[in-house]
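Chemist: Right, I'll just put the structure down here and ask away after.
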Amino acid sequence: MPAAKQTAPKVLLVSNTSWYLYNFRLPLLQNLRAHGYVVELVAPHDAYTALLEAEGFTVHPWLVARSSVNPLSEAHALIDLLRIYRRETPDLVHHFTIKACLYGTIAAKGARIYRVINAVTGLGHVFLGTRKRSRLLRTAIKPVYRAAFKARRSTVVFQNSDDQETLIQLGITDGERARLIRGSGVDINRFKPSADSAGQFHDPLQVLFPSRLIREKGIAELLQACRSLWANGVELELLVAGALDSGNRSALTPAELAELRANQRIRCLGHVEDMQLVYAASDIVVLPSWREGLSRALIEAAAMERPIITTDVPGCRDVVDHGISGLLVPQRDARSLVLAIRLLLENSALAKRFGKAARQKVVSEFQVSLVNESTMQQYSRLLAASLDRKPLLKGIF
């Protein structure tokens, strides 16, 4: 009797925006498809949905609001995801962003999907906030997180070891389920040094802030540092490559953005699709973020041999080795930013050396082929695992 024909495994990648899947995971989607997977996506439809569909991927619309806390809306989002899972019957689901992880794990249980990857792309206000409201909320939802991240058949992927250790210490996950995969990777053939990268700094100095305009990215501290430098006669132009994030509670207001645009020493570029040209035109990249999952912008800048100044926090210090491939400064410290910018401005040879070392680190640790290989190893491991249903009554999965 001939053996039954083995069908290609079907995987669903799930996020709360199509923007995220297109900008951060397109190479992974393409690699999975090239290796024989049936790849489909689940995300709210937005301006990037058509771009994903143009690449040949089906995007199932998910009715979830990124910043909503309305119980009825959230219940509807969970039910909608359960409906999608039951209809599509994937072999594996891969969740990105916290809502997708929480709701997706519950929906997977309801749809009897036993292979789940939850990707933690960063810890938000709930785990990082120090106010009473954040502490109370953390206590209230901790059991929900634990249920998702200790699910019997799930794997929890972290982008940096600090986030991983934090959730293990809180008892939300454990070393058995946790895996460290550093970010989404960058294409080192696309992001590479420009022909004039060996030259001297521009006049005025071009300082690049490559991020969304939210307070946690350190935009206020950088503006304070720039004002101090301008007041002391330093000629520099600040390039701001990022848009307002209206879905984020800490986004700059339209009035604050208008104030930035009114400053003749600041160029507000908005969201930039082709960041290579912006990196190439900059002298120093500065991202004084309060915390990251793993900064994609810093990795891209490093791949292009840009000297980097960033903060000594998780997700930033993973990219930059202080005094070797860039400079790390304390969080929320404008004075340290002033000193770091002055140091590089007055030592262009040091800045060049930092840039060279930064690219070497990207090539060895962060290039997209390495990251995708690690991710697909997790897929293979889960798909090869036996799905004996007997233990299911003893745990969540």
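How things are named: the first chain in the structure tokens is A, the next is B, and so on; residues count from 1 in each chain; ligands count from 1 in the order shown.
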Can you pull out every residue within 10 Å of A:Thr89, counting only C-alpha atoms, but drop anything in the same chain fewer than 6 positions away, and send it as a PDB file with N, CA and C atoms, in the first residue's frame?
Modeler:
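Once written, result.pdb looks like this:
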```
ATOM      1  N   LYS A  10       1.212  24.075   7.057  1.00  0.00           N
ATOM      2  CA  LYS A  10       0.615  25.401   6.923  1.00  0.00           C
ATOM      3  C   LYS A  10       0.879  26.195   8.202  1.00  0.00           C
ATOM      4  N   VAL A  11       1.407  27.414   8.038  1.00  0.00           N
ATOM      5  CA  VAL A  11       1.704  28.259   9.191  1.00  0.00           C
ATOM      6  C   VAL A  11       0.997  29.602   9.031  1.00  0.00           C
ATOM      7  N   LEU A  12       0.531  30.125  10.150  1.00  0.00           N
ATOM      8  CA  LEU A  12      -0.051  31.462  10.191  1.00  0.00           C
ATOM      9  C   LEU A  12       0.848  32.357  11.030  1.00  0.00           C
ATOM     10  N   ALA A 108      -5.655  29.441  19.961  1.00  0.00           N
ATOM     11  CA  ALA A 108      -5.051  28.183  19.526  1.00  0.00           C
ATOM     12  C   ALA A 108      -5.549  27.011  20.366  1.00  0.00           C
ATOM     13  N   ALA A 111      -9.002  26.174  19.230  1.00  0.00           N
ATOM     14  CA  ALA A 111      -9.031  25.580  17.888  1.00  0.00           C
ATOM     15  C   ALA A 111      -8.223  24.284  17.818  1.00  0.00           C
ATOM     16  N   ARG A 112      -7.695  23.833  18.963  1.00  0.00           N
ATOM     17  CA  ARG A 112      -6.904  22.600  19.031  1.00  0.00           C
ATOM     18  C   ARG A 112      -5.677  22.661  18.110  1.00  0.00           C
ATOM     19  N   ILE A 113      -4.984  23.807  18.197  1.00  0.00           N
ATOM     20  CA  ILE A 113      -3.689  23.979  17.523  1.00  0.00           C
ATOM     21  C   ILE A 113      -2.621  23.871  18.598  1.00  0.00           C
TER      22      ILE A 113
END
```
Chemist: Can you pull out every residue within 10 Å of A:Asp203, counting only C-alpha atoms, but drop anything in the same chain fewer than 4 positions away, and send it as a list in words?
Modeler: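 The residues that qualify are Glu235, Leu236, Glu237 and Asp283 of chain A.
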Chemist: Determine which residues of stretch 120-296 of chain A receive a DSSP assignment of helix (DSSP H, G or I), computed from the backbone, and state them as a VMD selection string.
Modeler: chain A and resid 125 to 128 132 to 149 161 to 169 215 to 217 219 to 231 254 to 262 275 to 281 296
Chemist: Can you check which parts of stretch 186-303 of chain A lie within 12 Å of stretch 361-364 of chain A? Per residue, the shortest pair of atoms and distance in Å to one decimal, counting only C-alpha atoms, sorted by chain and number, as CSV.
Modeler:
```
residue,atom,partner,partner_atom,distance
A:Val186,CA,A:Val362,CA,8.3
A:Asp187,CA,A:Val363,CA,9.4
A:Ile188,CA,A:Val363,CA,7.0
A:Asn189,CA,A:Val363,CA,10.1
A:Phe191,CA,A:Val362,CA,10.4
A:Lys192,CA,A:Val363,CA,10.4
A:Arg296,CA,A:Val362,CA,11.0
A:Leu298,CA,A:Val362,CA,9.9
A:Ile299,CA,A:Val362,CA,6.6
A:Glu300,CA,A:Val362,CA,8.5
A:Ala301,CA,A:Val362,CA,9.8
A:Ala302,CA,A:Val362,CA,6.8
A:Ala303,CA,A:Val362,CA,5.9
```
Chemist: Please provide as a ChimeraX atom specification all residues within 9 Å of A:Arg267, with the sequence filter that same-chain residues fewer than 3 positions apart are discarded (counting only C-alpha atoms).
Modeler: /A:237-241,260-261,263-264
Chemist: Given the choices A:Ala220, A:Ile79, A:Val116, A:Leu29, which gets closest to A:Leu382 if the distance is worked out from only C-alpha atoms?
Modeler: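 Distance minimum relative to A:Leu382 lands on A:Val116.
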Chemist: Neighbours of A:Ala43 within 10 Å (only C-alpha atoms; same-chain residues fewer than 2 positions away dropped), as a PyMOL selection string?
Modeler: chain A and resi 13-21+41+45-46+49+59-64+81+100
Chemist: What is the atom CA of A:Arg146 to atom CA of A:Leu170 distance in Å?
Modeler: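 According to the coordinates, atom CA of A:Arg146 and atom CA of A:Leu170 are separated by 9.0 Å.
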Chemist: Considering only C-alpha atoms, return as number ranges by chain whatever protein or nucleic-acid residues lie within 12 Å of A:His76, sequence-local ones (same chain, fewer than 4 positions apart) excluded.
Modeler: A: 62-65, 68-72, 80-83, 103, 107
Chemist: Show which residues sit within 8 Å of A:Met376, as a CSV table (one decimal) with C-alpha atoms, in the first residue's frame. Count only C-alpha atoms, and ignore same-chain residues fewer than 4 positions away.
Modeler:
```csv
chain,number,residue,atom,x,y,z
A,32,LEU,CA,9.5,29.9,4.8
A,372,ASN,CA,15.7,33.3,9.9
A,380,SER,CA,11.2,22.3,12.5
```
Chemist: Which residue gives the smallest distance to A:Gly315 among A:Pro288, A:Gly233, A:Gly293, A:Pro90, with only C-alpha atoms counted?
Modeler: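 Closest to A:Gly315, using only C-alpha atoms: A:Gly293.
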Chemist: Between atom CA of A:Arg115 and atom CA of A:Gln159, measure the distance and give it in Å to one decimal.
Modeler: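 Atom CA of A:Gln159 lies 20.0 Å from atom CA of A:Arg115.
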Chemist: Which value, in Å to one decimal, gives the distance between atom CA of A:Gly355 and atom CA of A:Leu327?
Modeler: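 Atom CA of A:Leu327 lies 10.9 Å from atom CA of A:Gly355.
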Chemist: Here is a test: counting only C-alpha atoms, which residue of A:Ile214, A:Val156, A:Ile84, A:Ile98 is nearest to A:Pro254?
Modeler: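 Among the listed residues, A:Ile214 lies closest to A:Pro254.
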Chemist: Check the DSSP output for the backbone and give back, as a list in words, the residues of stretch 203-314 of chain A in strand (DSSP E or B).
Modeler: Leu205, Gln206, Val207, Leu208, Phe209, Ile214, Leu236, Glu237, Leu238, Leu239, Val240, Ala251, Ile266, Arg267, Cys268, Ile284, Val285, Val286, Leu287, Ile308, Ile309, Thr310 and Thr311 of chain A
Chemist: Measuring atom to atom with only C-alpha atoms, identify which of A:Leu350, A:Ala77, A:Ala358, A:Ile117 is nearest to A:Arg179.
Modeler: A:Ile117
Chemist: Of the candidates A:Val368, A:Leu222, A:Leu229, A:Ala385, which one gets nearest to A:Ile309 if we count only C-alpha atoms?
Modeler: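 For A:Ile309, the nearest of the given residues is A:Leu222.
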Chemist: Which residue is closest to A:Ser154? Choose from A:Arg306, A:Arg190, A:His95, A:Arg227 and count only C-alpha atoms.
Modeler: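 Residue with the minimum atom-to-atom distance to A:Ser154: A:His95.
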Chemist: Can you pull out every residue within 12 Å of A:Leu167, counting only C-alpha atoms, but drop anything in the same chain fewer than 3 positions away, and send it as an NGL selection string?
Modeler: :A and (120 or 122-123 or 127-128 or 138 or 142 or 145-146 or 149-150 or 156-158 or 160-164 or 170-175 or 177-178)
